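Okay, final_6.pdb now, which holds PDB, C-alpha atoms:
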ATOM      1  CA  MET A  41      91.446 109.819 142.721
ATOM      2  CA  SER A  42      88.240 111.021 141.129
ATOM      3  CA  ILE A  43      87.823 114.503 139.690
ATOM      4  CA  ALA A  44      85.373 115.329 142.485
ATOM      5  CA  GLN A  45      88.048 114.406 145.034
ATOM      6  CA  LEU A  46      90.597 116.487 143.164
ATOM      7  CA  PHE A  47      88.259 119.497 143.283
ATOM      8  CA  HIS A  48      87.690 118.870 146.988
ATOM      9  CA  GLY A  49      91.443 118.705 147.539
ATOM     10  CA  VAL A  50      91.885 122.059 145.789
ATOM     11  CA  GLN A  51      89.155 123.660 147.872
ATOM     12  CA  SER A  52      90.768 122.365 151.080
ATOM     13  CA  THR A  53      94.130 124.011 150.484
ATOM     14  CA  GLY A  54      95.059 126.847 152.806
ATOM     15  CA  TRP A  55      94.874 129.638 150.267
ATOM     16  CA  ALA A  56      91.544 128.457 148.846
ATOM     17  CA  ASN A  57      90.102 128.444 152.371
ATOM     18  CA  ALA A  58      91.549 131.884 153.033
ATOM     19  CA  LEU A  59      90.116 133.300 149.799
ATOM     20  CA  ARG A  60      86.662 131.810 150.418
ATOM     21  CA  GLU A  61      86.511 133.216 153.918
ATOM     22  CA  SER A  62      87.959 136.621 153.102
ATOM     23  CA  GLU A  63      85.354 139.357 152.957
ATOM     24  CA  LEU A  64      87.670 141.683 151.098
ATOM     25  CA  VAL A  65      89.953 139.600 148.864
ATOM     26  CA  TYR A  66      87.176 137.589 147.170
ATOM     27  CA  PRO A  67      85.295 140.648 145.834
ATOM     28  CA  ILE A  68      88.625 142.190 144.774
ATOM     29  CA  VAL A  69      89.482 139.073 142.755
ATOM     30  CA  LEU A  70      85.989 139.116 141.208
ATOM     31  CA  SER A  71      86.349 142.821 140.375
ATOM     32  CA  LEU A  72      89.681 142.184 138.641
ATOM     33  CA  HIS A  73      88.019 139.326 136.704
ATOM     34  CA  LEU A  74      85.371 141.804 135.493
ATOM     35  CA  CYS A  75      87.977 144.504 134.749
ATOM     36  CA  GLY A  76      89.720 141.997 132.496
ATOM     37  CA  ILE A  77      86.433 141.264 130.721
ATOM     38  CA  ALA A  78      85.796 144.992 130.286
ATOM     39  CA  PHE A  79      89.280 145.508 128.860
ATOM     40  CA  LEU A  80      89.070 142.522 126.522
ATOM     41  CA  GLY A  81      85.626 143.249 125.079
ATOM     42  CA  GLY A  82      86.802 146.011 122.766
ATOM     43  CA  ALA A  83      89.800 144.060 121.479
ATOM     44  CA  ILE A  84      87.739 140.961 120.664
ATOM     45  CA  LEU A  85      84.969 142.992 119.040
ATOM     46  CA  PHE A  86      87.335 145.014 116.871
ATOM     47  CA  THR A  87      89.316 141.969 115.746
ATOM     48  CA  ASN A  88      86.023 140.480 114.617
ATOM     49  CA  LEU A  89      84.818 143.712 113.025
ATOM     50  CA  ARG A  90      88.044 143.695 111.036
ATOM     51  CA  LEU A  91      87.288 140.131 109.924
ATOM     52  CA  LEU A  92      83.832 141.254 108.864
ATOM     53  CA  GLY A  93      85.399 144.121 106.905
ATOM     54  CA  VAL A  94      83.412 146.680 108.900
ATOM     55  CA  ASN A  95      86.208 148.533 110.622
ATOM     56  CA  LEU A  96      89.985 149.176 110.670
ATOM     57  CA  THR A  97      90.083 148.432 106.953
ATOM     58  CA  ASN A  98      93.321 150.393 106.515
ATOM     59  CA  SER A  99      95.234 147.591 108.300
ATOM     60  CA  THR A 100      95.454 143.957 107.289
ATOM     61  CA  VAL A 101      93.895 141.238 109.448
ATOM     62  CA  ALA A 102      97.355 139.984 110.448
ATOM     63  CA  GLU A 103      98.437 143.471 111.510
ATOM     64  CA  THR A 104      95.301 144.078 113.570
ATOM     65  CA  VAL A 105      95.707 140.714 115.278
ATOM     66  CA  ARG A 106      99.390 141.374 115.964
ATOM     67  CA  GLN A 107      98.776 144.838 117.420
ATOM     68  CA  LEU A 108      96.078 143.615 119.779
ATOM     69  CA  ARG A 109      97.692 140.299 120.737
ATOM     70  CA  PRO A 110      99.764 141.407 123.776
ATOM     71  CA  TRP A 111      96.764 143.278 125.248
ATOM     72  CA  LYS A 112      94.438 140.349 124.699
ATOM     73  CA  TRP A 113      96.934 138.064 126.410
ATOM     74  CA  ALA A 114      97.313 140.493 129.290
ATOM     75  CA  GLY A 115      93.523 140.486 129.687
ATOM     76  CA  PHE A 116      93.308 136.688 129.456
ATOM     77  CA  VAL A 117      96.010 136.182 132.065
ATOM     78  CA  VAL A 118      94.205 138.438 134.549
ATOM     79  CA  ILE A 119      90.798 136.880 133.811
ATOM     80  CA  ILE A 120      92.011 133.291 133.949
ATOM     81  CA  THR A 121      94.136 133.770 137.075
ATOM     82  CA  CYS A 122      91.221 135.362 138.914
ATOM     83  CA  GLY A 123      88.826 132.729 137.532
ATOM     84  CA  ILE A 124      90.981 129.844 138.744
ATOM     85  CA  LEU A 125      91.304 131.493 142.159
ATOM     86  CA  MET A 126      87.537 131.886 142.512
ATOM     87  CA  ALA A 127      86.714 128.412 141.212
ATOM     88  CA  SER A 128      89.302 126.908 143.598
ATOM     89  CA  ALA A 129      87.827 128.715 146.572
ATOM     90  CA  LYS A 130      84.450 127.081 145.899
ATOM     91  CA  ALA A 131      85.593 123.999 143.991
ATOM     92  CA  ASP A 132      83.116 121.613 145.662
ATOM     93  CA  SER A 133      80.127 123.585 144.448
ATOM     94  CA  TYR A 134      81.691 124.389 141.056
ATOM     95  CA  TYR A 135      82.334 120.742 140.241
ATOM     96  CA  PRO A 136      78.678 119.656 139.769
ATOM     97  CA  ASN A 137      77.640 123.070 138.369
ATOM     98  CA  THR A 138      76.324 122.516 134.837
ATOM     99  CA  TYR A 139      76.915 126.116 133.772
ATOM    100  CA  PHE A 140      80.538 125.938 134.949
ATOM    101  CA  ARG A 141      80.998 122.789 132.849
ATOM    102  CA  ILE A 142      79.447 124.414 129.780
ATOM    103  CA  LYS A 143      81.676 127.442 130.320
ATOM    104  CA  LEU A 144      84.804 125.246 130.393
ATOM    105  CA  LEU A 145      83.644 123.480 127.227
ATOM    106  CA  LEU A 146      83.051 126.803 125.458
ATOM    107  CA  LEU A 147      86.477 128.051 126.582
ATOM    108  CA  PHE A 148      87.999 124.912 125.140
ATOM    109  CA  LEU A 149      86.124 125.593 121.884
ATOM    110  CA  THR A 150      87.519 129.157 121.723
ATOM    111  CA  GLY A 151      90.968 127.542 121.776
ATOM    112  CA  VAL A 152      89.987 125.139 118.987
ATOM    113  CA  HIS A 153      88.548 128.107 117.061
ATOM    114  CA  ALA A 154      91.784 130.094 117.371
ATOM    115  CA  LEU A 155      93.874 127.159 116.138
ATOM    116  CA  ALA A 156      91.450 126.217 113.372
ATOM    117  CA  PHE A 157      91.393 129.687 111.795
ATOM    118  CA  ARG A 158      94.989 130.645 112.607
ATOM    119  CA  ARG A 159      96.525 130.068 109.212
ATOM    120  CA  SER A 160      93.539 130.516 106.946
ATOM    121  CA  VAL A 161      92.212 133.729 108.528
ATOM    122  CA  TYR A 162      94.280 135.319 111.279
ATOM    123  CA  GLN A 163      97.554 135.405 109.351
ATOM    124  CA  THR A 164      96.065 137.123 106.291
ATOM    125  CA  ARG A 165      98.373 139.805 104.949
ATOM    126  CA  SER A 166      96.406 140.785 101.860
ATOM    127  CA  ALA A 167      93.720 143.449 101.755
ATOM    128  CA  ILE A 168      91.191 140.933 100.465
ATOM    129  CA  LEU A 169      89.331 139.083 103.193
ATOM    130  CA  PRO A 170      89.972 135.349 103.082
ATOM    131  CA  ARG A 171      87.203 132.825 102.803
ATOM    132  CA  GLY A 172      85.975 131.844 106.227
ATOM    133  CA  ALA A 173      86.727 135.242 107.762
ATOM    134  CA  ARG A 174      83.075 136.026 108.342
ATOM    135  CA  LEU A 175      82.419 132.577 109.733
ATOM    136  CA  ALA A 176      85.406 132.925 112.071
ATOM    137  CA  ALA A 177      84.172 136.310 113.302
ATOM    138  CA  CYS A 178      80.596 135.160 113.942
ATOM    139  CA  LEU A 179      81.755 132.002 115.709
ATOM    140  CA  SER A 180      84.164 133.973 117.858
ATOM    141  CA  LEU A 181      81.503 136.473 118.938
ATOM    142  CA  ALA A 182      79.002 133.695 119.661
ATOM    143  CA  LEU A 183      81.523 131.688 121.669
ATOM    144  CA  TRP A 184      82.638 134.645 123.805
ATOM    145  CA  LEU A 185      79.054 135.719 124.486
ATOM    146  CA  GLY A 186      78.377 132.127 125.508
ATOM    147  CA  VAL A 187      81.362 132.057 127.859
ATOM    148  CA  LEU A 188      80.262 135.345 129.415
ATOM    149  CA  SER A 189      76.643 134.226 129.871
ATOM    150  CA  MET A 190      77.560 130.873 131.357
ATOM    151  CA  GLY A 191      79.943 132.654 133.703
ATOM    152  CA  ARG A 192      77.106 134.785 134.995
ATOM    153  CA  TRP A 193      74.773 131.808 135.218
ATOM    154  CA  ILE A 194      77.154 129.829 137.470
ATOM    155  CA  ALA A 195      75.741 131.837 140.365
ATOM    156  CA  TYR A 196      72.206 130.605 139.600
ATOM    157  CA  TYR A 197      72.821 126.881 139.514
ATOM    158  CA  GLU A 198      70.646 124.830 141.797
ATOM    159  CA  LYS A 199      71.516 121.264 142.588
ATOM    160  CA  PRO A 200      68.749 118.974 141.352
ATOM    161  CA  LYS A 201      66.709 117.736 144.264
ATOM    162  CA  THR A 202      66.361 113.982 144.592
ATOM    163  CA  VAL A 203      62.848 113.155 143.533
ATOM    164  CA  SER A 204      60.850 111.016 145.970
ATOM    165  CA  PRO A 205      57.455 109.501 145.139
ATOM    166  CA  PRO A 206      54.558 111.718 146.210
ATOM    167  CA  LEU A 207      52.967 110.532 149.423
ATOM    168  CA  THR A 208      50.042 112.924 149.247
ATOM    169  CA  ALA A 209      46.515 112.156 148.211
ATOM    170  CA  SER A 210      47.164 113.093 144.574
ATOM    171  CA  GLY A 211      47.482 110.486 141.872
ATOM    172  CA  SER A 212      45.295 107.662 140.747
ATOM    173  CA  ALA A 213      43.429 105.358 143.071
ATOM    174  CA  MET A 214      45.665 102.472 142.101
ATOM    175  CA  GLU A 215      48.750 104.452 143.090
ATOM    176  CA  LYS A 216      47.225 105.276 146.449
ATOM    177  CA  VAL A 217      46.553 101.635 147.064
ATOM    178  CA  ALA A 218      50.081 100.792 146.048
ATOM    179  CA  LEU A 219      51.389 103.323 148.538
ATOM    180  CA  GLN A 220      49.305 101.899 151.373
ATOM    181  CA  ARG A 221      50.800  98.470 151.031
TER     182      ARG A 221
ATOM    183  CA  MET B 140      51.198 156.562 149.273
ATOM    184  CA  LEU B 141      52.621 154.783 146.303
ATOM    185  CA  ILE B 142      53.261 151.173 147.074
ATOM    186  CA  TYR B 143      55.514 149.185 144.813
ATOM    187  CA  ASP B 144      55.232 145.451 145.292
ATOM    188  CA  LEU B 145      58.604 143.982 144.348
ATOM    189  CA  ASN B 146      56.975 140.658 143.514
ATOM    190  CA  THR B 147      55.100 142.193 140.602
ATOM    191  CA  ASN B 148      58.434 142.846 138.896
ATOM    192  CA  PRO B 149      59.156 140.007 136.444
ATOM    193  CA  LEU B 150      62.833 140.247 137.400
ATOM    194  CA  ASN B 151      61.889 138.945 140.841
ATOM    195  CA  SER B 152      59.365 136.324 139.857
ATOM    196  CA  ASN B 153      60.792 134.821 136.687
ATOM    197  CA  GLU B 154      63.733 132.466 137.011
ATOM    198  CA  TRP B 155      65.446 133.522 133.775
ATOM    199  CA  SER B 156      64.892 137.226 133.580
ATOM    200  CA  PHE B 157      67.368 138.414 136.202
ATOM    201  CA  PRO B 158      70.450 136.454 135.087
ATOM    202  CA  LEU B 159      69.643 137.240 131.447
ATOM    203  CA  THR B 160      69.452 140.962 132.221
ATOM    204  CA  GLU B 161      72.785 140.654 134.022
ATOM    205  CA  CYS B 162      74.322 139.009 130.945
ATOM    206  CA  PHE B 163      73.216 141.974 128.832
ATOM    207  CA  HIS B 164      74.585 144.304 131.490
ATOM    208  CA  VAL B 165      78.023 142.639 131.603
ATOM    209  CA  ALA B 166      78.326 142.202 127.818
ATOM    210  CA  SER B 167      77.399 145.820 127.094
ATOM    211  CA  MET B 168      79.670 147.019 129.919
ATOM    212  CA  SER B 169      82.482 145.156 128.212
ATOM    213  CA  LEU B 170      81.542 146.676 124.843
ATOM    214  CA  CYS B 171      81.447 150.158 126.301
ATOM    215  CA  ILE B 172      84.609 150.104 128.440
ATOM    216  CA  GLY B 173      86.460 147.869 125.992
ATOM    217  CA  THR B 174      86.026 150.261 123.076
ATOM    218  CA  ILE B 175      87.065 153.222 125.266
ATOM    219  CA  ALA B 176      90.117 151.184 126.330
ATOM    220  CA  LEU B 177      91.137 150.800 122.659
ATOM    221  CA  VAL B 178      91.289 154.597 122.415
ATOM    222  CA  ASP B 179      93.161 154.753 125.746
ATOM    223  CA  LEU B 180      95.764 152.277 124.503
ATOM    224  CA  ARG B 181      96.232 154.362 121.376
ATOM    225  CA  LEU B 182      96.640 157.521 123.480
ATOM    226  CA  LEU B 183      99.352 155.642 125.375
ATOM    227  CA  GLY B 184     101.046 155.001 122.022
ATOM    228  CA  VAL B 185     100.272 151.263 121.823
ATOM    229  CA  GLY B 186      97.572 148.992 120.426
ATOM    230  CA  LEU B 187      95.974 149.820 117.074
ATOM    231  CA  ARG B 188      98.774 152.098 115.861
ATOM    232  CA  ASN B 189      97.749 152.152 112.214
ATOM    233  CA  GLN B 190      94.951 154.480 113.233
ATOM    234  CA  THR B 191      95.289 157.867 114.844
ATOM    235  CA  ALA B 192      93.439 158.367 118.131
ATOM    236  CA  ALA B 193      90.981 160.604 116.258
ATOM    237  CA  GLN B 194      90.301 157.838 113.702
ATOM    238  CA  LEU B 195      89.794 155.344 116.509
ATOM    239  CA  ILE B 196      87.284 157.642 118.189
ATOM    240  CA  ARG B 197      85.359 157.757 114.917
ATOM    241  CA  GLY B 198      85.576 153.975 114.573
ATOM    242  CA  THR B 199      84.535 153.176 118.120
ATOM    243  CA  GLU B 200      82.069 155.919 119.057
ATOM    244  CA  LEU B 201      78.993 154.174 117.703
ATOM    245  CA  TRP B 202      79.873 150.966 119.557
ATOM    246  CA  THR B 203      80.659 152.833 122.748
ATOM    247  CA  PHE B 204      77.336 154.641 122.525
ATOM    248  CA  ALA B 205      75.466 151.383 121.841
ATOM    249  CA  GLY B 206      77.238 149.910 124.874
ATOM    250  CA  PHE B 207      76.218 152.852 127.061
ATOM    251  CA  SER B 208      72.593 152.566 125.921
ATOM    252  CA  VAL B 209      72.279 148.868 126.717
ATOM    253  CA  VAL B 210      74.309 149.019 129.931
ATOM    254  CA  ILE B 211      72.176 151.859 131.299
ATOM    255  CA  THR B 212      68.883 150.290 130.207
ATOM    256  CA  SER B 213      69.729 146.912 131.731
ATOM    257  CA  GLY B 214      71.133 148.713 134.777
ATOM    258  CA  LEU B 215      67.819 150.527 135.289
ATOM    259  CA  LEU B 216      66.006 147.189 135.064
ATOM    260  CA  ILE B 217      68.319 145.640 137.661
ATOM    261  CA  PHE B 218      67.843 148.726 139.837
ATOM    262  CA  SER B 219      64.063 148.294 139.596
ATOM    263  CA  SER B 220      64.304 144.827 141.156
ATOM    264  CA  ASP B 221      65.019 146.410 144.557
ATOM    265  CA  PRO B 222      65.373 150.223 144.372
ATOM    266  CA  LEU B 223      65.639 150.919 148.092
ATOM    267  CA  LYS B 224      68.413 148.407 148.600
ATOM    268  CA  TYR B 225      70.435 150.052 145.839
ATOM    269  CA  LEU B 226      69.704 153.624 146.930
ATOM    270  CA  HIS B 227      70.980 152.872 150.416
ATOM    271  CA  SER B 228      74.084 151.050 149.238
ATOM    272  CA  ALA B 229      77.289 153.097 149.542
ATOM    273  CA  PRO B 230      79.067 151.277 146.666
ATOM    274  CA  PHE B 231      76.032 151.942 144.456
ATOM    275  CA  GLN B 232      76.100 155.648 145.304
ATOM    276  CA  LEU B 233      79.809 155.726 144.482
ATOM    277  CA  LYS B 234      79.119 153.837 141.253
ATOM    278  CA  MET B 235      76.529 156.378 140.138
ATOM    279  CA  ALA B 236      78.914 159.253 140.897
ATOM    280  CA  LEU B 237      81.681 157.519 138.914
ATOM    281  CA  LEU B 238      79.296 156.789 136.040
ATOM    282  CA  LEU B 239      78.218 160.405 135.793
ATOM    283  CA  LEU B 240      81.827 161.566 135.973
ATOM    284  CA  GLY B 241      82.859 158.905 133.446
ATOM    285  CA  ILE B 242      80.236 159.813 130.868
ATOM    286  CA  ILE B 243      80.993 163.535 131.134
ATOM    287  CA  TYR B 244      84.732 162.876 130.992
ATOM    288  CA  ASN B 245      84.425 160.521 128.035
ATOM    289  CA  TYR B 246      82.439 162.954 125.915
ATOM    290  CA  THR B 247      84.399 166.105 126.805
ATOM    291  CA  LEU B 248      88.069 166.022 127.862
ATOM    292  CA  HIS B 249      88.824 162.466 126.730
ATOM    293  CA  ARG B 250      87.313 163.058 123.322
ATOM    294  CA  LYS B 251      88.919 166.450 122.885
ATOM    295  CA  VAL B 252      92.414 165.165 123.699
ATOM    296  CA  ALA B 253      91.994 162.153 121.393
ATOM    297  CA  GLN B 254      90.811 164.338 118.519
ATOM    298  CA  SER B 255      93.518 166.982 118.762
ATOM    299  CA  ASP B 256      97.269 166.920 118.455
ATOM    300  CA  SER B 257      97.972 166.942 122.191
ATOM    301  CA  PRO B 258     101.417 166.684 123.801
ATOM    302  CA  PRO B 259     102.365 163.173 125.039
ATOM    303  CA  GLY B 260     102.101 164.104 128.713
ATOM    304  CA  LEU B 261      98.486 165.173 128.327
ATOM    305  CA  ARG B 262      97.625 162.108 126.250
ATOM    306  CA  TYR B 263      99.095 159.709 128.814
ATOM    307  CA  THR B 264      97.351 161.416 131.726
ATOM    308  CA  THR B 265      94.022 161.428 129.883
ATOM    309  CA  ALA B 266      94.272 157.727 129.032
ATOM    310  CA  GLY B 267      95.507 156.730 132.499
ATOM    311  CA  PHE B 268      92.707 158.618 134.228
ATOM    312  CA  SER B 269      90.141 157.047 131.894
ATOM    313  CA  LEU B 270      91.355 153.496 132.595
ATOM    314  CA  LEU B 271      91.472 154.146 136.350
ATOM    315  CA  LEU B 272      88.012 155.682 136.388
ATOM    316  CA  TRP B 273      86.331 152.814 134.517
ATOM    317  CA  GLY B 274      88.254 150.257 136.591
ATOM    318  CA  ALA B 275      87.031 151.949 139.771
ATOM    319  CA  LEU B 276      83.477 151.800 138.430
ATOM    320  CA  VAL B 277      83.760 148.024 137.924
ATOM    321  CA  PHE B 278      85.074 147.622 141.483
ATOM    322  CA  SER B 279      82.237 149.677 142.961
ATOM    323  CA  SER B 280      79.710 147.556 141.020
ATOM    324  CA  ILE B 281      81.016 144.281 142.436
ATOM    325  CA  PHE B 282      81.129 145.654 145.967
ATOM    326  CA  ILE B 283      77.373 146.389 145.858
ATOM    327  CA  ALA B 284      76.814 142.661 146.378
ATOM    328  CA  PHE B 285      79.450 142.318 149.094
ATOM    329  CA  TRP B 286      78.803 145.391 151.248
TER     330      TRP B 286
END

Could you show the structure in this file as structure tokens?
Amino acid sequence: MSIAQLFHGVQSTGWANALRESELVYPIVLSLHLCGIAFLGGAILFTNLRLLGVNLTNSTVAETVRQLRPWKWAGFVVIITCGILMASAKADSYYPNTYFRIKLLLLFLTGVHALAFRRSVYQTRSAILPRGARLAACLSLALWLGVLSMGRWIAYYEKPKTVSPPLTASGSAMEKVALQR
Amino acid sequence: MLIYDLNTNPLNSNEWSFPLTECFHVASMSLCIGTIALVDLRLLGVGLRNQTAAQLIRGTELWTFAGFSVVITSGLLIFSSDPLKYLHSAPFQLKMALLLLGIIYNYTLHRKVAQSDSPPGLRYTTAGFSLLLWGALVFSSIFIAFW
């Protein structure tokens, strides 16, 4: 089974059909997705501001991360659940969508980022900022802004049209002759 | 009579401008509501507990204000892409009412409670109302496109 078929299978399930056709549930799921983003924005920004040494300097990095962790996870769970629901409802059109693919890649990279800086940065218990903290913060902000932008751009994807040779009078004389044959 | 040709607005004629404006709108919305939510969590006694609510207000207020500035500017641009459609949309009217209420609430009651030594009941109610209000605003925004 190809991935395209898998996506089609997901879209054909009863609940995906129901969600796609519902005039009320789909916008509610999208609203919850956005509420999660709204909720998460502050937590991500302030974790990174701590890493940059700009704010919350009376707590260590590890403490800040620990205090915000459950709320970040709560936000993620809401966002990802709603995201999967919406992508499933329109899986056929999401599959070829370049922006959707870039978004998934960037999401994967946020996971890599979290693991890569876990020990060296996020578990810091001293008041002195570890090396790489600034890099981690900038990368995190860039990645999340990328995820957000690609998410918005999914709605603007247009399938490339298959290009056929022009049959109009434009082009060189030789081309016109070639077309007449 | 003043005639406004929608096609002269770059947001309607340029392929990139509208989605890009929306990205600014969503990111700054998240900045704005997200920083207020940090204060709300603290008022509920969770989250960034090494700070007092008053300290968190001081730490977040600049970011919240920056968020408000960008979200309103980009919102005005989006509004300009089709003013009549928005003016006649019930969810949009609700959104504007909630926004006005939200801004007033955030800079008066919400701020006052966070900066003073208020009893727990008042703190919880203030935070709960804030979260509900901003959540309702997000819902009304999405429903503009689905009404």

### Message
Once the ChimeraX specification (/B :<7) & /A has been evaluated on this model, what residues remain selected, and can you format them as JSON, numbers by chain?
### Response
{"A": [67, 71, 74, 75, 77, 78, 79, 80, 81, 82, 83, 95, 99, 104, 107, 108, 189, 192, 193]}

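If only C-alpha atoms are the atoms counted, then among A:Ala182, A:Ala102, A:Glu63, A:Ile68 the closest residue to Cys122 of chain A is A:Ile68.
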
### Query
So how far away is atom CA of Leu271 of chain B from atom CA of Asp179 of chain B, in Å?
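Answer for the atom CA of Asp179 of chain B to atom CA of Leu271 of chain B separation: 10.8 Å.
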
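Between atom CA of Gly76 of chain A and atom CA of Ile119 of chain A the interatomic distance comes to 5.4 Å.
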
### Reference answer for the PyMOL selection byres ((chain A and resi 60) around 9), as an MDAnalysis selection string
chainID A and resid 51 55:59 61:63 65:66 126 128:130

### Message
As an exercise, work out the distance from atom CA of Leu238 of chain B to atom CA of Thr191 of chain B in Å and give it to one decimal place.
### Response
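Atom CA of Leu238 of chain B sits 26.6 Å away from atom CA of Thr191 of chain B.
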
### Message
I want to know what sits within 10 Å of segment 217-223 of chain B, based on all atoms listed in the file, with residues of the same chain fewer than 4 positions away left out; could you give that as a ChimeraX atom specification?
### Response
/B:143-152,156-158,160-161,164,211-213,227-228,231

Return as JSON the centre and edge lengths, in Å with one decimal, of the box along x, y and z that encloses every atom of segment 177-186 of chain B in the file, padded by 8 Å per side.
{"center_x": 96.1, "center_y": 153.3, "center_z": 123.1, "size_x": 25.9, "size_y": 24.5, "size_z": 21.3}

Shell around Leu239 of chain B at 12 Å using only C-alpha atoms, local window under 4 positions removed, as a tab-separated table (two decimals) with C-alpha atoms, in the coordinates of the input:
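Output contents, as saved in selection.tsv:
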chain	number	residue	atom	x	y	z
B	207	PHE	CA	76.22	152.85	127.06
B	211	ILE	CA	72.18	151.86	131.30
B	232	GLN	CA	76.10	155.65	145.30
B	233	LEU	CA	79.81	155.73	144.48
B	234	LYS	CA	79.12	153.84	141.25
B	235	MET	CA	76.53	156.38	140.14
B	243	ILE	CA	80.99	163.54	131.13
B	244	TYR	CA	84.73	162.88	130.99
B	245	ASN	CA	84.42	160.52	128.04
B	246	TYR	CA	82.44	162.95	125.92
B	272	LEU	CA	88.01	155.68	136.39
B	273	TRP	CA	86.33	152.81	134.52
B	276	LEU	CA	83.48	151.80	138.43

### Task
May I ask which of the residues A:Val105, A:Met190, A:Ala176, A:Ala44 is the closest one to Thr150 of chain A, counting all atoms listed in the file?
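Among A:Val105, A:Met190, A:Ala176, A:Ala44, it is A:Ala176 that comes nearest to Thr150 of chain A.
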
Mind checking which residues fall within 9 Å of Ser255 of chain B, counting all atoms listed in the file, ignoring those fewer than 4 positions away in the same chain, and posting them as a tab-separated table (two decimals) with C-alpha atoms, in the coordinates of the input?
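Ended up saving to part_31.tsv:
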chain	number	residue	atom	x	y	z
B	192	ALA	CA	93.44	158.37	118.13
B	193	ALA	CA	90.98	160.60	116.26
B	250	ARG	CA	87.31	163.06	123.32
B	251	LYS	CA	88.92	166.45	122.88

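Using all atoms listed in the file, the residues found no farther than 7 Å from Ala266 of chain B, other than those of its own chain fewer than 2 positions away, are Asp179, Leu182, Leu183, Arg262, Tyr263, Thr264, Phe268, Ser269 and Leu270 of chain B.
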
Long-range neighbours of Cys178 of chain A as a compact mmCIF listing (two decimals) with C-alpha atoms, in the coordinates of the input, 10 Å cut-off, all atoms listed in the file, 5 positions minimum in chain:
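The resulting around.txt:
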# COMPACT_ATOMS: atom_id res chain seq x y z
CA ASN A 88 86.02 140.48 114.62
CA LEU A 89 84.82 143.71 113.02
CA LEU A 91 87.29 140.13 109.92
CA LEU A 92 83.83 141.25 108.86
CA GLY A 172 85.98 131.84 106.23
CA ALA A 173 86.73 135.24 107.76
CA LEU A 183 81.52 131.69 121.67

### Message
For a quick check of understanding, using only C-alpha atoms, which of A:Pro110, A:Pro170, A:Gly123, A:Pro200 has the smallest distance to Thr138 of chain A?
### Response
A:Pro200

Once the PyMOL selection byres ((chain A and resi 169) around 10) is applied to the coordinates I shared, what remains selected? I want it as a CSV table (one decimal) with C-alpha atoms, in the frame of the given file.
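Saved result, part-v2.csv, follows:
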chain,number,residue,atom,x,y,z
A,90,ARG,CA,88.0,143.7,111.0
A,91,LEU,CA,87.3,140.1,109.9
A,92,LEU,CA,83.8,141.3,108.9
A,93,GLY,CA,85.4,144.1,106.9
A,100,THR,CA,95.5,144.0,107.3
A,101,VAL,CA,93.9,141.2,109.4
A,161,VAL,CA,92.2,133.7,108.5
A,164,THR,CA,96.1,137.1,106.3
A,165,ARG,CA,98.4,139.8,104.9
A,166,SER,CA,96.4,140.8,101.9
A,167,ALA,CA,93.7,143.4,101.8
A,168,ILE,CA,91.2,140.9,100.5
A,170,PRO,CA,90.0,135.3,103.1
A,171,ARG,CA,87.2,132.8,102.8
A,172,GLY,CA,86.0,131.8,106.2
A,173,ALA,CA,86.7,135.2,107.8
A,174,ARG,CA,83.1,136.0,108.3
